[in-house]
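Q: Structure: data_36.cif, mmCIF, C-alpha atoms and all ligand atoms.
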```cif
data_upload
#
loop_
_atom_site.label_atom_id
_atom_site.label_comp_id
_atom_site.auth_asym_id
_atom_site.auth_seq_id
_atom_site.Cartn_x
_atom_site.Cartn_y
_atom_site.Cartn_z
CA MET Q 1 97.09 100.62 64.11
CA GLY Q 2 97.05 104.09 65.51
CA PHE Q 3 100.57 104.74 66.73
CA LEU Q 4 101.01 107.95 64.83
CA ARG Q 5 97.80 109.37 66.18
CA ARG Q 6 99.12 108.70 69.67
CA PRO Q 7 99.73 111.32 72.31
CA GLN Q 8 98.84 114.62 70.73
CA CYS Q 9 95.18 113.76 70.46
CA GLY Q 10 95.08 111.12 73.18
CA TYR Q 11 96.22 113.11 76.16
CA SER Q 12 95.49 116.69 75.29
CA SER Q 13 92.57 116.96 77.68
CA ASP Q 14 91.45 115.16 80.76
CA PRO Q 15 88.78 112.60 79.92
CA ALA Q 16 85.78 111.94 82.07
CA ILE Q 17 86.50 109.47 84.83
CA VAL Q 18 85.94 105.98 83.51
CA SER Q 19 85.61 102.75 85.40
CA ASP Q 20 87.42 99.46 84.95
CA GLY Q 21 84.29 97.69 86.09
CA GLU Q 22 85.15 97.56 89.78
CA CYS Q 23 86.38 100.91 90.87
CA PRO Q 24 86.55 104.46 89.45
CA VAL Q 25 90.04 104.93 88.06
CA SER Q 26 90.71 107.89 90.35
CA GLU Q 27 90.17 105.93 93.61
CA PRO Q 28 93.42 105.21 95.49
CA MET Q 29 94.59 101.59 95.37
CA VAL Q 30 96.09 100.08 98.52
CA ILE Q 31 98.93 97.55 98.24
CA GLN Q 32 99.82 95.34 101.22
CA SER Q 33 103.53 94.67 101.77
CA HIS Q 34 105.89 93.29 104.43
CA LYS Q 35 106.50 96.92 105.45
CA GLY Q 36 102.79 97.66 105.75
CA PRO Q 37 100.27 99.06 103.27
CA TYR Q 38 101.09 101.76 100.74
CA ASP Q 39 98.77 103.68 98.41
CA ILE Q 40 98.76 104.52 94.75
CA HIS Q 41 97.10 107.90 94.26
CA PHE Q 42 95.86 108.55 90.73
CA ALA Q 43 95.97 112.29 90.04
CA ASP Q 44 96.79 114.11 86.82
CA ASP Q 45 98.09 117.08 88.80
CA ALA Q 46 100.39 114.99 91.02
CA LEU Q 47 103.52 116.85 89.91
CA GLU Q 48 102.00 120.31 90.26
CA ALA Q 49 100.54 119.41 93.68
CA LEU Q 50 103.94 118.25 94.91
CA ASP Q 51 105.58 121.41 93.59
CA ALA Q 52 102.97 123.57 95.35
CA ALA Q 53 103.78 121.99 98.71
CA VAL Q 54 107.34 120.68 98.66
CA PRO Q 55 107.82 118.70 101.87
CA ASP Q 56 110.72 119.59 104.19
CA GLN Q 57 113.51 117.12 104.84
CA THR Q 58 113.17 115.59 101.39
CA HIS Q 59 115.79 114.52 98.88
CA PHE Q 60 114.68 114.44 95.24
CA LEU Q 61 116.15 112.09 92.63
CA ILE Q 62 114.85 113.14 89.22
CA ASP Q 63 115.28 111.83 85.68
CA ARG Q 64 117.28 114.59 83.95
CA ARG Q 65 115.09 114.45 80.82
CA VAL Q 66 111.93 114.76 82.90
CA ALA Q 67 113.42 117.74 84.74
CA GLU Q 68 114.15 119.40 81.40
CA LEU Q 69 110.71 118.65 79.93
CA TYR Q 70 108.74 119.63 83.04
CA GLY Q 71 111.06 122.36 84.41
CA PRO Q 72 108.43 125.12 84.63
CA SER Q 73 106.06 122.83 86.56
CA ILE Q 74 108.67 121.88 89.13
CA HIS Q 75 110.34 125.19 89.85
CA ASN Q 76 109.98 124.81 93.63
CA ILE Q 77 111.14 121.21 93.61
CA LEU Q 78 114.22 122.10 91.55
CA SER Q 79 114.99 124.98 93.93
CA SER Q 80 114.73 122.80 97.04
CA PRO Q 81 117.93 122.02 99.02
CA SER Q 82 118.57 118.45 97.82
CA VAL Q 83 118.03 117.61 94.16
CA LEU Q 84 119.98 114.97 92.24
CA LEU Q 85 119.41 114.88 88.48
CA VAL Q 86 120.30 111.56 86.89
CA GLN Q 87 120.30 110.65 83.22
CA ALA Q 88 118.26 107.45 82.80
CA THR Q 89 120.92 105.08 81.46
CA GLU Q 90 121.87 101.55 82.50
CA ASP Q 91 125.40 102.82 83.29
CA ASN Q 92 123.91 105.18 85.85
CA LYS Q 93 122.31 102.30 87.77
CA THR Q 94 125.64 100.49 88.03
CA LEU Q 95 127.06 100.02 91.52
CA ASP Q 96 130.16 102.12 90.94
CA ARG Q 97 127.96 105.23 90.42
CA PHE Q 98 126.43 104.88 93.88
CA GLY Q 99 129.41 106.38 95.71
CA ALA Q 100 128.62 109.74 94.10
CA TYR Q 101 124.88 109.44 94.87
CA VAL Q 102 125.58 108.63 98.52
CA GLN Q 103 128.07 111.49 98.81
CA HIS Q 104 125.49 113.90 97.35
CA LEU Q 105 122.95 112.83 99.98
CA VAL Q 106 125.45 112.84 102.85
CA ASP Q 107 126.60 116.35 101.86
CA ARG Q 108 122.97 117.44 102.17
CA GLY Q 109 122.66 115.94 105.64
CA VAL Q 110 120.56 112.87 104.89
CA ARG Q 111 119.10 111.23 108.02
CA ARG Q 112 117.04 108.10 108.64
CA ASP Q 113 113.85 110.05 109.36
CA GLN Q 114 113.98 111.82 105.99
CA MET Q 115 112.40 110.92 102.67
CA LEU Q 116 113.74 110.20 99.19
CA ILE Q 117 111.38 111.04 96.32
CA ALA Q 118 112.01 109.55 92.87
CA ILE Q 119 110.57 111.21 89.75
CA GLY Q 120 111.25 109.13 86.65
CA GLY Q 121 110.95 105.68 85.13
CA GLY Q 122 112.28 102.27 86.12
CA ILE Q 123 115.88 103.47 86.22
CA LEU Q 124 115.19 106.22 88.75
CA GLN Q 125 113.01 103.75 90.66
CA ASP Q 126 115.83 101.20 90.88
CA ILE Q 127 118.42 103.79 91.92
CA THR Q 128 116.21 105.39 94.57
CA ALA Q 129 114.79 102.16 95.97
CA PHE Q 130 118.28 100.59 96.21
CA LEU Q 131 119.53 103.67 98.06
CA ALA Q 132 116.43 103.62 100.28
CA ALA Q 133 117.03 99.95 101.14
CA THR Q 134 120.69 100.35 102.02
CA LEU Q 135 121.37 103.94 103.08
CA LEU Q 136 121.62 104.12 106.90
CA ARG Q 137 120.02 100.63 106.83
CA GLY Q 138 116.78 102.01 105.49
CA VAL Q 139 115.22 105.33 104.52
CA ALA Q 140 111.63 105.88 103.33
CA TRP Q 141 110.97 106.71 99.68
CA ARG Q 142 108.10 107.88 97.49
CA PHE Q 143 107.65 107.54 93.75
CA LEU Q 144 106.18 109.57 90.89
CA PRO Q 145 106.51 107.13 87.96
CA THR Q 146 106.88 108.90 84.60
CA THR Q 147 107.11 105.98 82.13
CA LEU Q 148 104.38 103.50 81.26
CA VAL Q 149 106.56 100.55 82.37
CA ALA Q 150 106.85 102.13 85.80
CA GLN Q 151 103.21 103.23 86.02
CA ALA Q 152 101.57 99.99 84.91
CA ASP Q 153 104.02 97.44 86.26
CA SER Q 154 107.22 98.14 88.18
CA CYS Q 155 105.95 100.76 90.67
CA ILE Q 156 104.33 98.03 92.79
CA GLY Q 157 105.84 94.78 93.94
CA SER Q 158 108.75 96.13 96.05
CA LYS Q 159 111.56 94.99 93.76
CA CYS Q 160 114.64 96.98 92.90
CA ALA Q 161 117.81 95.88 91.18
CA VAL Q 162 121.05 97.53 90.10
CA ASN Q 163 123.91 96.47 87.84
CA ALA Q 164 127.39 95.48 89.03
CA GLY Q 165 130.38 94.72 86.83
CA ALA Q 166 129.03 93.17 83.66
CA SER Q 167 125.97 91.69 85.39
CA ARG Q 168 122.62 93.35 84.92
CA ASP Q 169 120.15 93.68 87.79
CA ILE Q 170 122.33 91.42 89.93
CA LEU Q 171 122.10 93.31 93.27
CA GLY Q 172 118.71 94.09 94.65
CA ALA Q 173 116.25 94.25 97.49
CA PHE Q 174 112.54 94.21 98.26
CA THR Q 175 111.72 97.70 99.42
CA PRO Q 176 108.30 99.19 98.67
CA PRO Q 177 107.73 102.95 98.48
CA GLN Q 178 105.63 104.66 101.13
CA ARG Q 179 103.38 106.14 98.49
CA ILE Q 180 103.01 106.34 94.71
CA ASP Q 181 101.52 109.34 92.89
CA LEU Q 182 100.53 108.37 89.38
CA SER Q 183 99.84 110.97 86.70
CA THR Q 184 99.27 109.73 83.16
CA ARG Q 185 100.03 113.26 81.91
CA PHE Q 186 103.68 112.22 81.91
CA LEU Q 187 102.92 109.80 79.08
CA ARG Q 188 102.26 112.72 76.68
CA THR Q 189 106.01 113.28 76.30
CA LEU Q 190 107.13 109.66 76.25
CA ASP Q 191 108.77 108.38 73.05
CA ASP Q 192 106.73 105.87 71.04
CA ARG Q 193 109.23 103.09 71.75
CA ASP Q 194 108.95 103.65 75.51
CA LEU Q 195 105.16 103.81 75.30
CA ARG Q 196 105.06 100.51 73.41
CA SER Q 197 107.53 99.02 75.88
CA GLY Q 198 104.99 99.74 78.64
CA VAL Q 199 102.16 98.33 76.54
CA GLY Q 200 104.23 95.13 76.19
CA GLU Q 201 104.28 94.75 79.98
CA MET Q 202 100.53 95.46 80.15
CA LEU Q 203 99.94 92.76 77.50
CA LYS Q 204 101.99 90.37 79.65
CA ILE Q 205 99.96 91.13 82.79
CA HIS Q 206 96.65 90.76 80.94
CA ALA Q 207 97.80 87.42 79.43
CA ILE Q 208 98.71 86.13 82.90
CA ASP Q 209 95.18 86.94 84.06
CA GLY Q 210 93.84 84.72 81.28
CA PRO Q 211 92.85 84.62 77.60
CA GLN Q 212 89.68 86.70 78.08
CA THR Q 213 91.55 89.52 79.80
CA PHE Q 214 94.23 89.51 77.09
CA ASP Q 215 91.58 89.56 74.38
CA MET Q 216 89.89 92.53 76.09
CA LEU Q 217 93.12 94.52 75.84
CA ALA Q 218 93.69 93.28 72.27
CA GLU Q 219 90.29 94.72 71.30
CA THR Q 220 91.11 98.15 72.75
CA TYR Q 221 94.78 98.11 71.70
CA ASP Q 222 94.50 101.16 69.42
CA GLY Q 223 92.52 103.03 72.06
CA VAL Q 224 95.36 102.68 74.56
CA PHE Q 225 97.43 104.97 72.31
CA THR Q 226 94.69 107.41 71.37
CA ASP Q 227 92.29 107.66 74.30
CA ALA Q 228 93.52 108.74 77.74
CA GLY Q 229 90.50 107.11 79.39
CA VAL Q 230 91.33 103.72 77.86
CA MET Q 231 94.96 104.13 78.90
CA LYS Q 232 94.01 104.96 82.48
CA ALA Q 233 91.63 102.03 82.77
CA THR Q 234 94.24 99.67 81.28
CA ILE Q 235 96.95 100.85 83.68
CA ARG Q 236 94.56 100.44 86.59
CA ARG Q 237 93.55 96.94 85.50
CA SER Q 238 97.23 95.97 85.10
CA LEU Q 239 97.98 97.17 88.62
CA ALA Q 240 94.91 95.42 90.05
CA ILE Q 241 95.97 92.10 88.50
CA LYS Q 242 99.57 92.49 89.68
CA LYS Q 243 98.46 93.60 93.17
CA ASP Q 244 96.81 90.22 93.70
CA TYR Q 245 100.04 88.37 92.90
CA VAL Q 246 102.45 90.59 94.83
CA GLU Q 247 100.27 90.54 97.92
CA ARG Q 248 100.17 86.73 97.84
CA ASP Q 249 103.84 86.30 96.91
CA GLU Q 250 105.76 89.54 97.50
CA PHE Q 251 109.13 87.73 97.63
CA ASP Q 252 108.60 85.96 94.31
CA CYS Q 253 108.80 82.39 95.59
CA GLY Q 254 105.69 81.02 93.87
CA PRO Q 255 102.79 82.40 91.82
CA ARG Q 256 104.51 85.73 91.12
CA ASN Q 257 107.07 83.82 88.99
CA LEU Q 258 104.46 83.90 86.21
CA PHE Q 259 105.34 87.57 85.72
CA ASN Q 260 108.48 86.29 84.00
CA TYR Q 261 106.28 85.23 81.05
CA GLY Q 262 108.05 86.40 77.88
CA HIS Q 263 111.11 87.42 79.90
CA SER Q 264 113.53 84.49 79.32
CA PHE Q 265 113.25 84.77 75.53
CA GLY Q 266 112.85 88.55 75.81
CA TYR Q 267 116.04 88.95 77.81
CA ALA Q 268 117.89 86.75 75.29
CA ILE Q 269 116.63 89.07 72.50
CA GLU Q 270 117.79 92.14 74.46
CA PHE Q 271 121.21 90.59 75.09
CA ALA Q 272 121.69 89.27 71.54
CA THR Q 273 120.83 92.66 70.02
CA GLY Q 274 123.10 94.59 72.39
CA PHE Q 275 120.01 96.02 74.15
CA ALA Q 276 118.87 97.77 70.97
CA VAL Q 277 115.32 96.49 71.58
CA PRO Q 278 113.49 98.23 74.49
CA HIS Q 279 112.67 95.84 77.33
CA GLY Q 280 108.88 95.64 77.00
CA ILE Q 281 109.12 95.29 73.22
CA ALA Q 282 111.60 92.43 73.63
CA VAL Q 283 109.12 90.92 76.10
CA SER Q 284 106.42 91.19 73.38
CA ILE Q 285 108.65 89.13 71.05
CA GLY Q 286 109.42 86.83 74.00
CA MET Q 287 105.72 86.13 74.62
CA ASP Q 288 105.15 85.42 70.92
CA MET Q 289 108.12 83.07 70.96
CA ALA Q 290 106.95 81.36 74.17
CA ASN Q 291 103.53 80.71 72.61
CA TRP Q 292 105.10 79.39 69.39
CA VAL Q 293 107.57 77.12 71.22
CA ALA Q 294 104.85 75.91 73.63
CA ALA Q 295 102.68 74.80 70.72
CA ARG Q 296 105.58 72.85 69.20
CA LEU Q 297 106.63 71.26 72.51
CA GLY Q 298 103.06 69.99 72.91
CA VAL Q 299 102.55 72.14 76.03
CA GLY Q 300 100.33 74.81 74.49
CA SER Q 301 98.33 75.06 71.31
CA GLU Q 302 98.66 76.71 67.91
CA ALA Q 303 95.30 78.39 68.53
CA HIS Q 304 96.66 80.44 71.44
CA TYR Q 305 99.74 81.39 69.45
CA GLU Q 306 97.50 82.55 66.57
CA ARG Q 307 95.12 84.36 68.94
CA MET Q 308 97.83 86.51 70.50
CA HIS Q 309 100.19 86.86 67.55
CA PRO Q 310 98.57 89.84 65.71
CA ILE Q 311 98.66 92.14 68.75
CA LEU Q 312 102.10 91.06 69.91
CA LYS Q 313 103.40 91.57 66.37
CA ALA Q 314 101.79 95.02 66.23
CA ASN Q 315 103.53 95.91 69.47
CA TYR Q 316 107.00 94.76 68.38
CA ARG Q 317 106.72 95.96 64.80
CA GLY Q 318 109.80 97.74 63.55
CA PHE Q 319 111.98 95.89 66.04
CA ASP Q 320 111.52 92.45 64.44
CA THR Q 321 113.94 93.16 61.62
CA ARG Q 322 116.96 93.60 63.90
CA PRO Q 323 119.32 90.64 63.44
CA VAL Q 324 119.29 88.32 66.45
CA PRO Q 325 122.55 86.31 66.37
CA HIS Q 326 121.57 82.74 67.27
CA GLY Q 327 124.70 82.00 69.28
CA ARG Q 328 124.33 85.04 71.52
CA PHE Q 329 120.61 84.36 71.92
CA LEU Q 330 121.15 80.73 73.03
CA TYR Q 331 124.03 81.73 75.32
CA ALA Q 332 121.82 84.27 77.10
CA LEU Q 333 118.94 81.78 77.39
CA SER Q 334 121.19 79.17 78.99
CA ARG Q 335 122.62 81.77 81.43
CA ASP Q 336 119.25 83.26 82.40
CA LYS Q 337 119.23 83.97 86.14
CA LYS Q 338 115.75 82.43 86.43
CA ASN Q 339 117.11 78.98 85.48
CA ILE Q 340 117.24 76.34 88.21
CA GLY Q 341 119.73 73.47 88.06
CA VAL Q 342 122.23 72.65 85.36
CA GLY Q 343 121.31 71.70 81.79
CA SER Q 344 117.79 73.07 81.92
CA VAL Q 345 115.95 76.28 81.17
CA THR Q 346 113.06 77.55 83.30
CA LEU Q 347 110.27 78.88 81.13
CA ILE Q 348 106.78 80.29 81.63
CA LEU Q 349 104.68 78.79 78.84
CA PRO Q 350 100.93 78.82 78.12
CA ASP Q 351 99.06 75.51 78.38
CA ARG Q 352 96.30 74.33 76.02
CA ASP Q 353 93.79 76.62 77.80
CA GLY Q 354 96.10 79.64 77.44
CA ARG Q 355 96.92 79.59 81.18
CA MET Q 356 100.53 80.27 82.13
CA GLY Q 357 102.62 77.65 83.91
CA ARG Q 358 106.25 77.45 85.03
CA ASP Q 359 108.43 74.44 84.29
CA SER Q 360 111.99 73.37 83.54
CA TYR Q 361 112.84 72.16 80.04
CA PRO Q 362 116.04 70.40 78.94
CA ASN Q 363 118.42 72.89 77.41
CA ASP Q 364 119.07 70.56 74.49
CA GLY Q 365 119.09 70.51 70.72
CA VAL Q 366 115.30 70.34 70.55
CA LEU Q 367 114.84 73.68 72.31
CA ALA Q 368 117.76 75.25 70.43
CA ASP Q 369 116.32 74.13 67.07
CA LEU Q 370 112.90 75.56 67.98
CA CYS Q 371 114.48 78.88 68.95
CA ARG Q 372 116.42 79.04 65.69
CA ALA Q 373 113.31 78.11 63.70
CA TYR Q 374 111.25 80.88 65.36
CA LEU Q 375 113.96 83.49 64.77
CA ASP Q 376 114.35 82.41 61.13
CA THR Q 377 110.74 81.87 60.14
CA VAL Q 378 108.53 84.10 62.31
CA LEU Q 379 110.73 87.17 62.74
CA PRO Q 380 111.28 88.68 59.29
CA SER Q 381 114.60 89.60 57.73
CA GLN Q 382 116.74 87.62 60.12
CA ASP Q 383 120.29 87.14 59.02
CA PRO Q 384 122.11 84.99 61.60
N1 LIG L 1 112.36 97.36 89.82
C1 LIG L 1 111.55 96.78 89.00
O1 LIG L 1 110.62 96.09 89.39
C2 LIG L 1 111.75 96.98 87.53
C3 LIG L 1 110.80 96.44 86.64
C4 LIG L 1 110.95 96.69 85.28
C5 LIG L 1 112.05 97.41 84.82
N2 LIG L 1 112.96 97.86 85.72
C6 LIG L 1 114.14 98.59 85.24
O2 LIG L 1 113.69 99.83 84.74
C7 LIG L 1 114.50 100.26 83.66
C8 LIG L 1 113.62 100.59 82.49
O3 LIG L 1 112.70 101.53 82.96
P1 LIG L 1 111.62 102.26 82.05
O4 LIG L 1 111.28 101.42 80.90
O5 LIG L 1 110.57 102.71 82.98
O6 LIG L 1 112.37 103.50 81.47
P2 LIG L 1 113.66 104.36 81.82
O7 LIG L 1 113.67 104.78 83.24
O8 LIG L 1 114.86 103.60 81.30
O9 LIG L 1 113.41 105.60 80.87
C9 LIG L 1 113.31 105.43 79.47
C10 LIG L 1 113.52 106.76 78.76
O10 LIG L 1 112.38 107.59 78.94
C11 LIG L 1 112.78 108.86 79.44
N3 LIG L 1 111.63 109.37 80.19
C12 LIG L 1 111.17 109.00 81.41
N4 LIG L 1 109.99 109.59 81.66
C13 LIG L 1 109.70 110.37 80.59
C14 LIG L 1 108.62 111.21 80.25
N5 LIG L 1 107.55 111.35 81.05
N6 LIG L 1 108.65 111.86 79.06
C15 LIG L 1 109.72 111.70 78.21
N7 LIG L 1 110.74 110.90 78.47
C16 LIG L 1 110.75 110.24 79.66
C17 LIG L 1 114.04 108.59 80.19
O11 LIG L 1 114.83 109.75 80.34
C18 LIG L 1 114.70 107.55 79.30
O12 LIG L 1 115.33 108.18 78.21
C19 LIG L 1 115.48 99.13 83.39
O13 LIG L 1 116.71 99.44 84.01
C20 LIG L 1 114.85 97.94 84.09
O14 LIG L 1 115.82 97.00 84.54
C21 LIG L 1 112.83 97.69 87.06
ZN ZN L 2 109.73 93.26 82.41
#
```
As a first step, turn the structure in this file into structure tokens.
A:
Amino acid sequence: MGFLRRPQCGYSSDPAIVSDGECPVSEPMVIQSHKGPYDIHFADDALEALDAAVPDQTHFLIDRRVAELYGPSIHNILSSPSVLLVQATEDNKTLDRFGAYVQHLVDRGVRRDQMLIAIGGGILQDITAFLAATLLRGVAWRFLPTTLVAQADSCIGSKCAVNAGASRDILGAFTPPQRIDLSTRFLRTLDDRDLRSGVGEMLKIHAIDGPQTFDMLAETYDGVFTDAGVMKATIRRSLAIKKDYVERDEFDCGPRNLFNYGHSFGYAIEFATGFAVPHGIAVSIGMDMANWVAARLGVGSEAHYERMHPILKANYRGFDTRPVPHGRFLYALSRDKKNIGVGSVTLILPDRDGRMGRDSYPNDGVLADLCRAYLDTVLPSQDP
């Protein structure tokens, strides 16, 4: 696998425009939402273009690390009248931090006809979109996603969520941005763990589209890390697949639920390890576990587990040796907010054709034993 060859050679120059089969990767993509359509513009110079023409009446919310890394490219943005730098931590998307964010914006004269612009990953997205949904009962926002999770997955679909008390992502809204400007140049500076976290979400989206689509990404897995053209095409394909679901089910009442594939087990891994495993990497373990459990419950098949296992394992490698305490894992699974009813767990599992389906399963000894067996036998070096 080519992780170590990753960004330096992969993103050092702009590749020729490639196609994902349907559409050149530089064409804008239009997403329909309950607030009307919004566009994703694919442009490597998105940041520089924004800095060259900073719009008036705009409030910037910027990931502090991104501001430090890209300072010279955003001199005008950083000198504009309203700039809030936020360190991308879970604590900073907790409700009690929002008083300070609101005060910052009010002190700079925020009005309903003005614009918030987020530059950062999922944390800056959640903070800005939650403010946009609630401030003055609604302010428009734009987004320059800087992580792979945000570029390939979270930037579309309208969701935002913030933490309150000890509950993660418990308060939220559906509030799409007015526009997304997507530059894969940002990925050059992303840590390997955050890059692989994004690849985990792309693997999830490709698996939801079907076994052939997943296998296509599996075949070009190394290229995603080493070839900017492959990365761009894979991001675009991920967004195109997700677009179809969010346009049919923006409020997540039906088919969009499949996007929770890998997330129930993944969240339990995150919780049990004290969030030491990045989200999309925990989701990679969660998908592997879902496939393994599905085969043993008679829902799926061993063949689909075996087919996907090598790539999922490659994506979570290095994080599979962290101890996952069984008790904490099972507690988190039983408390998952996606569960419906008492005494059952709602899971997205692959069927015998490798197609995802959603169902409730008794939260009993059978499921608990399967979870323990996976953690003990498939993940190495587990010490419950
Ligand atoms: N609203 C949604 O639909 C949605 C979906 C998925 C995740 N999320 C939320 O998003 C958060 C995770 O977001 P994420 O994975 O995008 O990452 P993040 O925002 O947590 O950022 C991860 C790290 O990367 C750094 N970073 C960001 N861009 C960088 C760049 N270009 N170069 C170098 N470093 C950079 C950040 O400073 C941070 O240290 C979680 O809070 C999760 O709950 C929201
Ligand atoms: Zn996710």
Q: Using all atoms listed in the file, can you tell me which of Q:Val66, Q:Ile241, Q:Ala207, Q:Ala129 comes closest to Thr189 (chain Q)?
A: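 Residue with the minimum atom-to-atom distance to Thr189 (chain Q): Q:Val66.
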Q: State, in Å with one decimal place, the distance from CA of Pro37 (chain Q) to CA of Leu84 (chain Q).
A: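 CA of Leu84 (chain Q) lies at a distance of 27.6 Å from CA of Pro37 (chain Q).
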Q: As a PyMOL selection string, please: the residues near Thr346 (chain Q) (cut-off 10 Å, all atoms listed in the file, same-chain neighbours under 6 positions excluded).
A: chain Q and resi 260+264+333-334+336-340+358-363
Q: Identify, on the basis of all atoms listed in the file, every residue whose closest approach to Ile74 (chain Q) does not exceed 12 Å; exclude the query and any residue fewer than 6 positions from it along the same chain; express the result as a list in words.
A: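 The neighbour list is Asp45, Ala46, Leu47, Glu48, Ala49, Leu50, Asp51, Ala52, Ala53, Val54, Phe60, Ile62, Val66, Ala67, Glu68, Ser80, Val83 and Ile119 of chain Q.
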Q: Using all atoms of ligand LIG 1 (chain L) listed in the file and a margin of 4 Å per side, can you give the axis-aligned box centre and edge lengths in Å to one decimal, as AutoDock Vina command-line options?
A:
```
--center_x 112.1 --center_y 104.0 --center_z 84.0 --size_x 17.2 --size_y 23.8 --size_z 19.6
```
Q: Counting all atoms listed in the file, what are the residues of chain Q within 12 Å of ligand ZN 2 (chain L), and for each of them which pair of atoms is the nearest and at what distance in Å, to one decimal? Sort the table by chain and rising number, as a Markdown table.
A:
```
| residue | atom | partner | partner_atom | distance |
| --- | --- | --- | --- | --- |
| Q:Gly122 | CA | L:ZN2 | ZN | 10.1 |
| Q:Leu148 | CA | L:ZN2 | ZN | 11.6 |
| Q:Val149 | CA | L:ZN2 | ZN | 7.9 |
| Q:Ala150 | CA | L:ZN2 | ZN | 9.9 |
| Q:Ala152 | CA | L:ZN2 | ZN | 10.9 |
| Q:Asp153 | CA | L:ZN2 | ZN | 8.1 |
| Q:Ser154 | CA | L:ZN2 | ZN | 8.0 |
| Q:Cys155 | CA | L:ZN2 | ZN | 11.8 |
| Q:Lys159 | CA | L:ZN2 | ZN | 11.6 |
| Q:Asp169 | CA | L:ZN2 | ZN | 11.7 |
| Q:Ser197 | CA | L:ZN2 | ZN | 9.0 |
| Q:Gly198 | CA | L:ZN2 | ZN | 8.9 |
| Q:Val199 | CA | L:ZN2 | ZN | 10.8 |
| Q:Gly200 | CA | L:ZN2 | ZN | 8.5 |
| Q:Glu201 | CA | L:ZN2 | ZN | 6.2 |
| Q:Met202 | CA | L:ZN2 | ZN | 9.7 |
| Q:Leu203 | CA | L:ZN2 | ZN | 11.0 |
| Q:Lys204 | CA | L:ZN2 | ZN | 8.7 |
| Q:Ile205 | CA | L:ZN2 | ZN | 10.0 |
| Q:Asn257 | CA | L:ZN2 | ZN | 11.8 |
| Q:Leu258 | CA | L:ZN2 | ZN | 11.4 |
| Q:Phe259 | CA | L:ZN2 | ZN | 7.9 |
| Q:Asn260 | CA | L:ZN2 | ZN | 7.3 |
| Q:Tyr261 | CA | L:ZN2 | ZN | 8.8 |
| Q:Gly262 | CA | L:ZN2 | ZN | 8.4 |
| Q:His263 | CA | L:ZN2 | ZN | 6.5 |
| Q:Ser264 | CA | L:ZN2 | ZN | 10.0 |
| Q:Phe265 | CA | L:ZN2 | ZN | 11.5 |
| Q:Gly266 | CA | L:ZN2 | ZN | 8.7 |
| Q:Tyr267 | CA | L:ZN2 | ZN | 8.9 |
| Q:Glu270 | CA | L:ZN2 | ZN | 11.4 |
| Q:Pro278 | CA | L:ZN2 | ZN | 10.1 |
| Q:His279 | CA | L:ZN2 | ZN | 6.4 |
| Q:Gly280 | CA | L:ZN2 | ZN | 6.0 |
| Q:Ile281 | CA | L:ZN2 | ZN | 9.4 |
| Q:Ala282 | CA | L:ZN2 | ZN | 9.0 |
| Q:Val283 | CA | L:ZN2 | ZN | 6.8 |
| Q:Ser284 | CA | L:ZN2 | ZN | 9.8 |
| Q:Gly286 | CA | L:ZN2 | ZN | 10.6 |
| Q:Met287 | CA | L:ZN2 | ZN | 11.3 |
```
Q: So what do you get for CA of Val102 (chain Q) versus atom O3 of ligand LIG 1 (chain L), distance-wise?
A: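 One can read the CA of Val102 (chain Q) to atom O3 of ligand LIG 1 (chain L) distance as 21.4 Å.
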Q: Would you work out the distance separating atom C16 of ligand LIG 1 (chain L) from CA of Thr184 (chain Q), expressed in Å to one decimal?
A: 12.0 Å
Q: I'd like the neighbourhood of region 322-330 of chain Q as a ChimeraX atom specification, where a residue qualifies if any of its atoms comes within 12 Å (using all atoms listed in the file), though same-chain residues fewer than 4 positions away should be ignored.
A: /Q:264-277,282,285-286,316-318,334-336,345,363-365,367-376,379-384
Q: Would you mind telling me which residue in Q:Glu247, Q:Asp181, Q:Asp126, Q:Asp288 lies nearest to ligand LIG 1 (chain L) when using all atoms listed in the file?
A: Q:Asp126
Q: Find, counting all atoms listed in the file, the residue in Q:Met115, Q:Leu195, Q:Val110, Q:Val139 that gets nearest to ligand LIG 1 (chain L).
A: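 For ligand LIG 1 (chain L), the nearest of the candidates is Q:Leu195.
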Q: Tell me which of Q:Ala164, Q:Leu61, Q:Ala43, Q:Leu190 sits closest to ligand LIG 1 (chain L), counting only C-alpha atoms and all ligand atoms.
A: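 Among the listed residues, the smallest separation from ligand LIG 1 (chain L) belongs to Q:Leu190.
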Q: Please return, as a PyMOL selection string, all polymer residues that have at least one atom within 12 Å of the point (115.1, 112.9, 93.1); use only C-alpha atoms and the file's own coordinate frame.
A: chain Q and resi 58-64+66-67+74+77-78+80-87+101+104-105+115-121+123-129+131-132+141-145
Q: From the options Q:Arg236, Q:Arg97, Q:Arg137, Q:Lys242, which residue's atoms come nearest to His41 (chain Q), counting only C-alpha atoms?
A: Q:Arg236
Q: Which neighbours of region 297-306 of chain Q fall inside 7 Å, counting only C-alpha atoms, when residues of the same chain fewer than 4 positions from it are skipped, and could you give them as a PDB file with C-alpha atoms, keeping the file's coordinate frame?
A:
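Listing of out.pdb after writing:
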```
ATOM      1  CA  ASP Q 288     105.150  85.420  70.920  1.00  0.00           C
ATOM      2  CA  ASN Q 291     103.530  80.710  72.610  1.00  0.00           C
ATOM      3  CA  TRP Q 292     105.100  79.390  69.390  1.00  0.00           C
ATOM      4  CA  VAL Q 293     107.570  77.120  71.220  1.00  0.00           C
ATOM      5  CA  PRO Q 350     100.930  78.820  78.120  1.00  0.00           C
ATOM      6  CA  ASP Q 351      99.060  75.510  78.380  1.00  0.00           C
ATOM      7  CA  ARG Q 352      96.300  74.330  76.020  1.00  0.00           C
ATOM      8  CA  GLY Q 354      96.100  79.640  77.440  1.00  0.00           C
TER       9      GLY Q 354
END
```
